[in-house]
Each structure stands twice: as C-alpha cells, then as structure tokens.
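Q: Take this structure first; my questions come after.
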Amino acid sequence: MALNIIGISALYHDSACCLVQDGKLKFAAEEERFSRIKADDAIPRMALKYCLKEAGLHIGDIDCIAFYEDPRKKLGRQLWSGIWDRSAILRKKFRPRWVEREIRDILGYEGNIEFFDHHLSHAASSYHYSGFDNAAIMTVDGVGEWATTTYGMGLGSNIDLWEEVSYPHSLGLLYSTLTNYLGFEVNEGEYKVMGLAPYGTPRYLRQVRELVTILDDGQYALNMEYFDFLEEERMFTDKLAVLFGKPARTRSIPVDQDHMDIARSLQVVLEEILINKALYLHRKTGSPNLCMAGGVALNCVANGKIIKNTPFKHLFVQPAANDAGGALGAASLAYTKYSGQLMQQDKLSHVYLGPRFGTAVIRQMLEATSLRFHSFEGNPEKLLKATAARIADGKVIGWFHGRMEFGPRSLGARSILADPRDAGMRDKINAMVKKREGFRPFAPAALDSEYKKHFDIDHESPFMLETCQVISPIDLPAITHVDGSARLQTVSYNTNPRFHALLEAFYALTGCPILLNTSFNVKGEPIVCTPEDALNCFIGTNIDALVLEDFIIDRDENELDILEWMAGVMTTKYAAARNTYTFI
C-alpha cells in the first residue's frame, strides 16, 4: 500500500496543499489559484480536492495530514503579545485545538494529524528537496511560533536546528515594517521595495542601522521603540517618521527619491546581516551547501549576494520559500516519521505540480464563445513558429500550457511573454497589462544552452531566485533593471519541453535565445489557473494574443464589444489590502 501524506499550510497567509506519495512530491497548489482571493489564508479545501482527484484518492486514503506549524506554541506567543484582549473574533482563533477542528470539519478528515514547528517545516521544505546529503540551513521570515530566524544542519534525513532568533526580533518584520512605511501592501509589497531599491542610493544607512543591531553568533535585535506589531493600521511608531525625517507615505502619494533611497538602504542592511549570519553558519557547519527558506529567502538580490560573498559553493532555495512551501516541508517530515526512510525526491528540478487542461476541454470552452481563434491541434511546431513571430512583431502574449507552477513565480506554464529587445515593452506591459508601478522589473527566461553568453552566472537558475548582471551582446532593455541586473530563469527541455521549444523558435527567428517572462495576472490578482482565468485576464487587459495550449486567440481579430461584455461577466475576487503582517 502506498503511503499518502498531505501537507498543509493555512490560516495566516499563502494557504497551500501538497501530496507526497511514497516519498515523492506528486502534486501541489496554492488555494488562491482556485478561490481567486490573493494570498488566501483559508483551509485549502479546493487545493486538496485537486491533489486527491489527480492521484485518484479519497480523503479516507490519506495516512496523515501534516500541518506546517504548532498551534499550541503559536498560542503561547500570541498570549504573550497581549492579543487575547483585542477582540472576540481573535479569541475564537486562540484555542489550542482550533486548527485541528478546522481541518476535520472543513476537510472531513478523521485520520492522523501531525503538527511540526513552522521553521522546521521551512527547513525541510528546502533541505529535503535540495538533493544534498548534507547542508547548512538558514530560515528567515516574519515569525512562526516564536522563531523568526533559525540556523541548523541537515545530514541524511535528519535536520538539527540548533539556534534561533525569537520574536519580536525579526528581519522579515523589519522589511515588512519599512514596506508599510513606504506605502506598500505588507506580504506583497516587499517585492516592490526590492525592485525600487536599485533606483536609490544608500544615504539612509545610519537610520536603518538604528533599527537593528547585529549581535554575536546568529543573533540580532530590533530597536523596539520604532516598531509596533500589534497595531491594525501600521507596524511602526511615530518615532520612525522622526528618524527618517519624513512622514510615512500613503498610497496616494507618488514615490519620490527619498523613498527610493530608503528602499536601497534597507536592502543594503538586509544583505549585510544575511551575509554576516551566513558566514557564521558556514564557520559552524563547514558544509559547502546552503539551504534557505522563509519569505526573506525570496529576496533574490540578497540570495545572489550571499552566494558571491560567502564560502558556500551551492545554494538551494525552494521556489515556494514563503509559507506556501511549508506544506512541502511538513509533508516530507511526516513521511520520514511514518516510514523511517529518506524522501525519494532527488533535487527538485521543477514545480509544474498544479492543474492542467486538455485540448478538448479548451476547444469546448472556446466554441461556447463568439471568439475567433486559430487551432494548431496536432501541429505544435507551427504553433510555436506562429507564437514566436507574434512576439518578434512586438506583441504581448498570454501563454498557458501544461501544469500550473507552484509558488509565486510564473515559469513558463502561466506566463506573459514578450520581446526583451523592445525598449518600450517594459512600460507597455506595466501600464497596459500588469497595471502596476513602472519601476518594477521583468525577468528573462533563457535557453539553458545559451544563458552564460548573456548573464554573469555560472550555474542554472530554473526558479528565478537569484539576480545576476546582464552581459549580453544583445541589447535587452525590457529585462535589464536600472542597475544592470536581471532575475534569470534558465529553461530546460527536460522540465518544460514546449516552453524550451518556443525559446528555440524565437532564437531561430531573431538570434535572441531569451524572452521576457512575467506572471500571467494583473495587479492584485492571483496567477491564472484555469483556461477561464486566462481568458478573463486576456479580455480585461491589452494582451495582444492568448495561447491556450494548441489555440491562439488574437485581440485584433475579435470585436471589442464582445470582449468588454465577457470581461463584465467573468469576475475575480480580491482580498483587502494589508497594512500589517498576518502573523496573528
């Protein structure tokens, strides 16, 4: 009999579910992709339904549900923080068996439930999927139960976390606080601050260093007179504005040079601390391998600096390093506990673990509309040449193929694609398609056989988790950030043959083996999951053409009034913007 383990992260943000079967990761998805609620925190009943359906299982076939943190330990921190007196709604959550009841009542599960510490789940989500037989481990996020940063070692199947930094001292909360101060949404806007930083100069280093002190070993401490993590509208005290000599930005105020300089100063200090602690961890372990997880590990700029400025030779960051990835770690921990064996997982080579939709399903959907479309069924080569020609002609393409990616990055399954050589393309996509801030960069996807000629990096980067300098002889303004860097994705035939073939078709046509690749969504919306989601996004934006598996829909061949009518019918739900970190 197969050993079936479900991993779940839920109830705070980035809810997700995965299935590990006989030590192999089979399926995984975030709940937001089904509910269409950005960063949905609900028990992932729809993601679970997907995993069970794909595996041909029922809920009674599951040997264990593994939850990514320990509710009892978390309750201790919540009570210590004084949250208990805040409201009756919050008190409903703060009961030791609340999470267990949610799992049993919503999922109808009567079997074994295992709870693992939040940062242990983070650690396992990286180490158990890294392919390393030994590695130093560093996890960094806002907060789990008490820990905000942990240090440890993985050896065989064993993970030993031997030091931690405890709440309220947190690099994740430091970054989120200044994200909030700079007027961006917490748990989402941290990416914007990272993208804004290269436009600034680090002239606020003194002020940012006033906020955090580097201590011996793995420790650091926040200066708490500047922070208030229990406020509902902001994460900082009035003293923070005094420190920077500038009131907090609201979303109606344009971003100015001061904001850019604060972002740059914050990024520099974060990198200093992470490099300092990574050096400490290397001294303690001597391992050439480093595994990182937690939301801060999604800071791809810092990741690149760590690997270049420490003795570590190899860095593995699990691509869903945020709380969603905790589901993978909890599942792998439960598998090891129940089987007594190592995960059967080699190094995680891809995250195409979500739903896919066949040609017949998509044809049926398209034929139920009045849309004009081109069919390339049975002729993928012709489809790829037609798509590459559209991109070379300056068109923006919605690309929908195969299984959906797990994690926050689109990696060629649910992507928006364009020509990286087009100087106006970045502004076009930001303004007309993504509907987001113009300073945010776009990433390149490059053939794995060609990337070294164009980017200063000596290893493949399949998950867009490191930045590197652009050294291409081709002018690539649409994917080159203001500081000359790019967040590279290398594309392999073995993991995504159709996306690889599209890059080859574009290379043959233009001499450029690179495409601009950004997530298939608009601001505030989850990445598309279904063909209907993709069609909705296409209709509601100025994407020029939509490639749905073996079909192409061109905007200029369809009546605008039809598209406007359909956009009104097909709706998306939105979660409220967050001003504080959702660790309550």
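Ordered as shown in the structure tokens, chains take letters A, B, and onward, while each chain numbers its residues from 1 and ligands are numbered from 1 in the order shown.
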Can you check which residues of range 95-331 of chain A DSSP gives as alpha helix (DSSP H) on the backbone and send them as a ChimeraX atom specification?

A: /A:98-107,118-127,171-181,190-196,205-211,238-244,257-285,300-309,326-331

Q: Would you kindly return, as a list of chain:residue names, each protein, DNA or RNA residue with an atom no farther than 10 Å from any atom of Asp346 in chain A, considering only C-alpha atoms and excluding same-chain residues fewer than 5 positions away?

A: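 In the requested form, the answer reads A:Lys24, A:His128, A:Tyr129, A:Ser130, A:Gly131, A:Phe132.
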
Q: Please produce a file of the residues just selected, as a CSV table (one decimal), in the first residue's frame, where the atoms kept are N, CA and C atoms.

A:
```
chain,number,residue,atom,x,y,z
A,24,LYS,N,7.6,10.8,-2.7
A,24,LYS,CA,7.8,11.6,-3.8
A,24,LYS,C,6.7,12.7,-3.9
A,128,HIS,N,15.0,18.9,2.3
A,128,HIS,CA,14.5,17.6,1.8
A,128,HIS,C,14.3,17.6,0.3
A,129,TYR,N,14.3,18.7,-0.3
A,129,TYR,CA,14.1,18.8,-1.8
A,129,TYR,C,15.3,19.3,-2.5
A,130,SER,N,16.4,19.4,-1.8
A,130,SER,CA,17.6,20.1,-2.4
A,130,SER,C,18.5,19.1,-3.1
A,131,GLY,N,18.4,17.8,-2.9
A,131,GLY,CA,19.3,16.8,-3.4
A,131,GLY,C,20.6,16.7,-2.7
A,132,PHE,N,20.8,17.5,-1.6
A,132,PHE,CA,22.0,17.4,-0.8
A,132,PHE,C,21.9,16.3,0.2
```

Q: Find the distance between CA of Glu54 in chain A and CA of Thr336 in chain A and write it in Å to one decimal.

A: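 Between these atoms lies a distance of 23.2 Å.
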
Q: Residues of range 215-369 of chain A in strand (DSSP E or B) according to DSSP, as a PDB file with C-alpha atoms, in the first residue's frame?

A:
```pdb
ATOM      1  CA  TYR A 220      20.452  40.369  16.055  1.00  0.00           C
ATOM      2  CA  ALA A 221      17.978  42.687  17.769  1.00  0.00           C
ATOM      3  CA  LEU A 222      15.409  45.227  16.623  1.00  0.00           C
ATOM      4  CA  PHE A 227       8.083  49.142  15.952  1.00  0.00           C
ATOM      5  CA  PHE A 236       5.691  51.325  13.302  1.00  0.00           C
ATOM      6  CA  ASN A 289      25.958  23.617   0.700  1.00  0.00           C
ATOM      7  CA  LEU A 290      23.415  26.130   1.969  1.00  0.00           C
ATOM      8  CA  CYS A 291      19.639  25.664   2.056  1.00  0.00           C
ATOM      9  CA  MET A 292      17.422  28.689   2.688  1.00  0.00           C
ATOM     10  CA  ALA A 293      13.679  29.096   3.201  1.00  0.00           C
ATOM     11  CA  HIS A 314      25.936  25.751  -3.675  1.00  0.00           C
ATOM     12  CA  LEU A 315      22.695  27.455  -2.643  1.00  0.00           C
ATOM     13  CA  PHE A 316      19.256  25.864  -2.821  1.00  0.00           C
ATOM     14  CA  VAL A 317      16.125  27.898  -2.242  1.00  0.00           C
ATOM     15  CA  TYR A 352       4.920  22.159 -12.507  1.00  0.00           C
TER      16      TYR A 352
END
```

Q: Identify which of the residues A:Glu532, A:Glu114, A:Asp14, A:Glu405 lies closest to Phe27 in chain A, counting only C-alpha atoms when measuring atom-to-atom distances.

A: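 Among the listed residues, the smallest separation from Phe27 in chain A belongs to A:Glu405.
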
Q: Which residues are near range 242-249 of chain A? Cut-off 8 Å, only C-alpha atoms, ignore same chain within fewer than 5 positions. Put them as a ChimeraX atom specification.

A: /A:181-183,204,207

Q: Point out the residue among A:Arg33, A:Glu504, A:Ser176, A:Val433 with the least atom-to-atom distance to Gly540 in chain A, counting only C-alpha atoms.

A: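 Using only C-alpha atoms, the shortest distance to Gly540 in chain A belongs to A:Val433.
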
Q: Looking at A:Gln21, A:Ser461, A:Thr510, A:Ser35, which one is nearest to Ala388 in chain A, with distances taken over only C-alpha atoms?

A: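 Closest to Ala388 in chain A, using only C-alpha atoms: A:Thr510.
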
Q: Determine the nearest neighbour of Pro168 in chain A from the options A:Ser81, A:Thr541, A:Ser121, A:Asn187, counting only C-alpha atoms.

A: A:Ser81
